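One structure below.
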Amino acid sequence: MPVLECQPLHDDFGARVTGVDLRDLPSAPVIEEILAAIDRYSFLVFPGRPLSDDQHMAFTHAIGEPEINHVVLARTGKPEHFHTVGNVQDDGTKVGAEHERTKFQKGNNLWHSDASFREVPVFISITSAHETPDEGGETLFASGRAAYGRLDDATKAELDPLIGIHDYVYSRSKAAPEAAKKGFPDILPPVRQRLVRRNPNTAEKNLYIGSHVREIEGRTTEASRPLLDGLIEQTTRPEHVHAHAWKTGDLVIWDNRCLIHRGAGYDADKYRRRMRQTRIRGTASTLDE
């Protein structure tokens, strides 16, 4: 019998999930249920289930192979699987809005898909909310799958063969130009990804877009921007967006293959925010899906 109870959140995607406590490592059949729910809903929120780092990592390994944190790797050369999102450091101290780390994370306020700039891009992100601000700090999500479904057949035929060039330094330079140059060009060169990718389990197609996409292969950046910016604008119209207001204890999983997201911002001088995140490595380049 199914264990998960899924309550839809938005017409396009998303579900609130109950019926399982992820603090206890789920059995293999429940993991399969979760993976099927990711394919169906793209965005899952498990409320009121705060995970320790050890529980979080055990669950991550049960789902797939953890992705290495590219920021820590570029700055220290050390492999680390956790990302810390927010202004609370590992020692518990808070940094303000003018701190380099806070400014760098403002790049997350642009619409993007996590780690689309890797040759093998990230499958899902798993984020546990440990501290949340009383005001602000929402994350907005929109579906490239639903957006593709709204296109007419002629536009789909035009977009299907196109290749996007994903460039981390390009996107991060918009928020923190100097920080984006520190180590990242060496470990994250631009990569080619399909503009329209296909879910290998369901065969459903979706737009694969966001701020990391610098240009369309064969076109200049300038010539590419009207198409790329227009697709983001269509995908993220207010009626297509789900705004997740984080609560302490939320465990949220989202599918980077088909969702784009961005932070809504918060007052980092006034509030504390600490989210721990792992990411699951994908299985192949989009060119091979």
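Letters A, B, ... mark the chains of the structure tokens in the order given; residue numbers begin at 1 per chain; ligand numbers begin at 1, in order shown.
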
Nearby residues (only C-alpha atoms) at most 8 Å from segment 60-62 of chain A, same-chain spacing under 6 positions excluded, as a ChimeraX atom specification: /A:31,126,278-280

Expected answer as a PyMOL selection string: helix (DSSP H, G or I) residues in segment 16-87 of chain A: chain A and resi 28-41+53-63+70-76

What does the file look like for those residues with C-alpha atoms, as a CSV table (one decimal), in the first residue's frame?
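Okay, out-v8.csv is ready:
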chain,number,residue,atom,x,y,z
A,28,ALA,CA,13.5,1.0,-0.4
A,29,PRO,CA,9.8,0.9,-1.4
A,30,VAL,CA,9.1,4.3,0.2
A,31,ILE,CA,12.2,5.7,-1.6
A,32,GLU,CA,10.7,4.5,-4.9
A,33,GLU,CA,7.4,6.2,-3.9
A,34,ILE,CA,9.3,9.5,-3.3
A,35,LEU,CA,11.1,9.2,-6.7
A,36,ALA,CA,7.7,8.6,-8.4
A,37,ALA,CA,6.3,11.6,-6.6
A,38,ILE,CA,9.2,13.7,-7.8
A,39,ASP,CA,8.5,12.7,-11.4
A,40,ARG,CA,4.8,13.6,-10.9
A,41,TYR,CA,4.9,16.7,-8.8
A,53,ASP,CA,23.0,16.7,9.1
A,54,ASP,CA,23.6,13.0,9.6
A,55,GLN,CA,19.9,12.2,8.9
A,56,HIS,CA,19.9,14.5,5.9
A,57,MET,CA,23.0,12.9,4.4
A,58,ALA,CA,21.7,9.3,5.0
A,59,PHE,CA,18.5,10.2,3.2
A,60,THR,CA,20.5,11.8,0.4
A,61,HIS,CA,22.6,8.7,-0.1
A,62,ALA,CA,19.3,6.6,-0.2
A,63,ILE,CA,18.1,8.7,-3.1
A,70,HIS,CA,31.3,23.7,-6.2
A,71,VAL,CA,31.7,26.9,-4.1
A,72,VAL,CA,33.7,25.2,-1.4
A,73,LEU,CA,35.7,23.2,-4.0
A,74,ALA,CA,36.7,26.4,-5.8
A,75,ARG,CA,37.7,28.3,-2.6
A,76,THR,CA,39.4,25.5,-0.6

Each residue of segment 35-131 of chain A with at least one atom at most 12 Å from segment 214-233 of chain A should appear once, together with its nearest atom pair and the corresponding distance in Å (one decimal); atoms considered: only C-alpha atoms; ordering: chain, then increasing residue number; output as a Markdown table.
| residue | atom | partner | partner_atom | distance |
| --- | --- | --- | --- | --- |
| A:Leu110 | CA | A:Ile232 | CA | 10.5 |
| A:Trp111 | CA | A:Ile232 | CA | 7.8 |
| A:His112 | CA | A:Ile232 | CA | 9.5 |
| A:Ser113 | CA | A:Ile232 | CA | 11.7 |
| A:Ser116 | CA | A:Arg214 | CA | 11.5 |
| A:Phe117 | CA | A:Arg214 | CA | 10.2 |

Nearby residues (only C-alpha atoms) at most 10 Å from Leu287 of chain A, same-chain spacing under 5 positions excluded, as a PyMOL selection string: chain A and resi 119-120+163+192-197

Please report as CSV every residue of segment 159-278 of chain A lying within 10 Å of segment 131-154 of chain A, along with the nearest atom pair and their distance in Å (one decimal), using only C-alpha atoms.
residue,atom,partner,partner_atom,distance
A:Leu159,CA,A:Ala154,CA,8.8
A:Val196,CA,A:Tyr148,CA,8.3
A:Arg197,CA,A:Arg145,CA,9.3
A:Arg198,CA,A:Arg145,CA,9.2
A:Asn199,CA,A:Arg145,CA,9.5
A:Glu204,CA,A:Arg145,CA,7.4
A:Lys205,CA,A:Arg145,CA,6.0
A:Asn206,CA,A:Arg145,CA,3.9
A:Leu207,CA,A:Gly144,CA,4.6
A:Tyr208,CA,A:Gly144,CA,6.5
A:Ile209,CA,A:Gly144,CA,7.6
A:Gly210,CA,A:Gly144,CA,9.8
A:Leu231,CA,A:Ala147,CA,8.4
A:Ile232,CA,A:Gly144,CA,8.9
A:Gln234,CA,A:Ala147,CA,7.3
A:Thr235,CA,A:Ala147,CA,5.3
A:Thr236,CA,A:Ala142,CA,5.8
A:Arg237,CA,A:Ala142,CA,8.7
A:Pro238,CA,A:Ala142,CA,9.3
A:Glu239,CA,A:Ala142,CA,9.6
A:His240,CA,A:Ala142,CA,6.1
A:Val241,CA,A:Ala142,CA,4.9
A:His242,CA,A:Phe141,CA,5.2
A:Ala243,CA,A:Leu140,CA,4.4
A:His244,CA,A:Thr139,CA,5.3
A:Ala245,CA,A:Glu138,CA,4.6
A:Trp246,CA,A:Glu138,CA,6.2
A:Lys247,CA,A:Thr132,CA,6.2
A:Thr248,CA,A:Glu131,CA,5.6
A:Gly249,CA,A:Glu131,CA,8.3
A:Asp250,CA,A:Thr132,CA,9.9
A:Trp254,CA,A:Phe141,CA,9.2
A:Asp255,CA,A:Ser143,CA,9.6
A:Asn256,CA,A:Ser143,CA,9.7
A:Arg257,CA,A:Gly144,CA,8.6
A:Cys258,CA,A:Gly144,CA,5.1
A:Leu259,CA,A:Ser143,CA,4.6
A:Ile260,CA,A:Ala142,CA,5.5
A:His261,CA,A:Phe141,CA,4.3
A:Arg262,CA,A:Leu140,CA,5.4
A:Gly263,CA,A:Thr139,CA,4.5
A:Ala264,CA,A:Glu138,CA,5.4
A:Gly265,CA,A:Gly137,CA,5.2
A:Tyr266,CA,A:Gly136,CA,4.7
A:Asp267,CA,A:Gly136,CA,7.4
A:Ala268,CA,A:Pro133,CA,8.8
A:Lys270,CA,A:Pro133,CA,8.6
A:Tyr271,CA,A:Pro133,CA,5.3
A:Arg272,CA,A:Pro133,CA,5.8
A:Arg273,CA,A:Thr132,CA,4.8
A:Arg274,CA,A:Glu131,CA,4.9
A:Met275,CA,A:Glu131,CA,6.8
A:Arg276,CA,A:Glu131,CA,9.8

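From atom CA of Ala284 of chain A back to atom CA of Pro200 of chain A, the distance works out to 10.5 Å.
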
What's the 7 Å shell around Pro121 of chain A, counting only C-alpha atoms, without same-chain residues fewer than 3 positions away, as a JSON list (two decimals) with N, CA and C atoms, in the first residue's frame?
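The resulting file, around_18.json, is reproduced below:
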[["chain", "number", "residue", "atom", "x", "y", "z"],
["A", 115, "ALA", "N", 22.87, 24.07, -10.60],
["A", 115, "ALA", "CA", 23.99, 23.35, -11.24],
["A", 115, "ALA", "C", 23.71, 22.89, -12.66],
["A", 116, "SER", "N", 22.91, 23.66, -13.39],
["A", 116, "SER", "CA", 22.74, 23.36, -14.82],
["A", 116, "SER", "C", 24.04, 23.59, -15.58],
["A", 117, "PHE", "N", 25.00, 24.26, -14.92],
["A", 117, "PHE", "CA", 26.29, 24.58, -15.53],
["A", 117, "PHE", "C", 27.29, 23.43, -15.44],
["A", 118, "ARG", "N", 26.88, 22.30, -14.89],
["A", 118, "ARG", "CA", 27.73, 21.10, -14.89],
["A", 118, "ARG", "C", 27.41, 20.24, -16.11],
["A", 281, "ARG", "N", 23.36, 14.15, -7.86],
["A", 281, "ARG", "CA", 23.94, 14.20, -9.19],
["A", 281, "ARG", "C", 23.01, 13.52, -10.20],
["A", 282, "GLY", "N", 22.90, 14.10, -11.40],
["A", 282, "GLY", "CA", 22.13, 13.47, -12.46],
["A", 282, "GLY", "C", 22.85, 12.26, -13.02],
["A", 285, "SER", "N", 24.50, 13.78, -19.21],
["A", 285, "SER", "CA", 24.31, 15.09, -19.83],
["A", 285, "SER", "C", 22.94, 15.13, -20.51]]

Residue list (strand (DSSP E), DSSP) for segment 50-288 of chain A, as a ChimeraX atom specification: /A:83-86,122-131,139-143,163-166,191-194,196-198,205-207,213-216,242-244,251-255,259-263,274-281
